[in-house]
$ cat input06.tsv   # TSV, C-alpha atoms
chain	number	residue	atom	x	y	z
A	230	MET	CA	91.16	70.22	143.61
A	231	SER	CA	90.39	70.65	139.93
A	232	ARG	CA	92.79	70.12	137.07
A	233	ALA	CA	92.00	73.38	135.32
A	234	CYS	CA	93.86	76.65	134.91
A	235	SER	CA	92.51	79.45	137.11
A	236	ILE	CA	93.18	82.07	134.43
A	237	CYS	CA	92.19	80.60	131.06
A	238	GLU	CA	90.21	77.62	132.41
A	239	LYS	CA	92.12	75.16	130.24
A	240	SER	CA	91.28	71.62	131.37
A	241	ALA	CA	91.94	68.01	130.40
A	242	VAL	CA	90.99	66.77	126.94
A	243	ARG	CA	90.38	63.28	125.60
A	244	ALA	CA	92.95	61.81	123.23
A	245	ASN	CA	94.10	58.41	122.03
A	246	HIS	CA	97.27	56.40	122.53
A	247	VAL	CA	98.08	55.13	119.04
A	248	SER	CA	100.30	52.07	118.83
A	249	HIS	CA	102.52	51.01	115.96
A	250	SER	CA	99.72	48.72	114.75
A	251	ASN	CA	97.40	51.78	114.81
A	252	ARG	CA	95.24	50.53	117.69
A	253	LYS	CA	93.66	53.35	119.65
A	254	VAL	CA	93.22	53.38	123.43
A	255	PRO	CA	91.57	56.40	125.10
A	256	ARG	CA	93.58	58.53	127.51
A	257	ARG	CA	93.53	62.03	129.01
A	258	GLN	CA	95.87	64.92	128.21
A	259	ASN	CA	96.16	67.11	131.30
A	260	PRO	CA	97.41	70.71	131.09
A	261	ASN	CA	100.80	71.60	132.55
A	262	LEU	CA	99.55	73.21	135.78
A	263	GLN	CA	101.88	74.91	138.25
A	264	LEU	CA	101.22	76.67	141.53
A	265	VAL	CA	101.98	80.39	141.21
A	266	ARG	CA	101.75	83.04	143.91
A	267	VAL	CA	99.93	86.16	142.74
A	268	ASP	CA	99.21	88.95	145.23
A	269	GLY	CA	99.85	86.58	148.14
A	270	LYS	CA	97.44	83.89	146.87
A	271	SER	CA	98.38	80.56	145.35
A	272	ILE	CA	96.63	79.84	142.06
A	273	LYS	CA	96.96	77.07	139.51
A	274	ALA	CA	98.15	78.44	136.20
A	275	CYS	CA	99.08	76.58	133.04
A	276	SER	CA	102.58	77.13	131.70
A	277	THR	CA	101.26	79.26	128.81
A	278	CYS	CA	99.51	81.68	131.18
A	279	ARG	CA	102.54	81.74	133.44
A	280	ARG	CA	104.80	82.77	130.54
A	281	THR	CA	102.32	85.46	129.51
A	282	MET	CA	102.24	86.87	133.05
A	283	VAL	CA	106.05	87.07	133.09
A	284	LYS	CA	106.08	88.87	129.72
A	285	LYS	CA	103.49	91.43	130.83
A	286	LEU	CA	105.32	92.16	134.10
A	287	ALA	CA	108.68	92.72	132.37

$ encode --input "input06.tsv" --output "structure tokens"
Amino acid sequence: MSRACSICEKSAVRANHVSHSNRKVPRRQNPNLQLVRVDGKSIKACSTCRRTMVKKLA
């Protein structure tokens, strides 16, 4: 099960934790994925795509 949006294909990116002493430790920033039912199928959509779908339907 991938951690990527089915619509825009947004996926995880590499970033750094930066402490108060400015030390950098690598980490991952994952997208905010949510399961959404579209036409009877469950797809993973990021929150940005989900908001856009709601706006276009209304």

$ closest_residue --input "input06.tsv" --among "A:Thr277, A:Gln258, A:Asp268, A:His249" --to "A:Ile236" --atoms "only C-alpha atoms"
A:Thr277

$ closest_residue --input "input06.tsv" --among "A:Asn259, A:Ser235, A:Leu286, A:Val254" --to "A:Ser271" --atoms "all atoms listed in the file"
A:Ser235

$ atom_distance --input "input06.tsv" --atom1 "atom CA of A:Gln263" --atom2 "atom CA of A:Ser231"
12.4 Å

$ axis_aligned_box --input "input06.tsv" --around "stretch 274-286 of chain A" --padding-each-side "6 Å" --output "AutoDock Vina command-line options"
--center_x 102.1 --center_y 84.4 --center_z 132.5 --size_x 19.9 --size_y 27.6 --size_z 19.4

$ residues_near_point --input "input06.tsv" --point "(101.0, 82.9, 131.5)" --cutoff "12 Å" --atoms "all atoms listed in the file" --output "PyMOL selection string"
chain A and resi 234-237+239+261-265+267+272-286

$ atom_distance --input "input06.tsv" --atom1 "atom CA of A:Ala287" --atom2 "atom CA of A:Pro260"
24.8 Å

$ atom_distance --input "input06.tsv" --atom1 "atom CA of A:Ala241" --atom2 "atom CA of A:Gly269"
26.9 Å

$ residues_around --input "input06.tsv" --residues "A:Asn245" --least-positions-apart "4" --cutoff "6 Å" --atoms "all atoms listed in the file" --output "ChimeraX atom specification"
/A:253-256
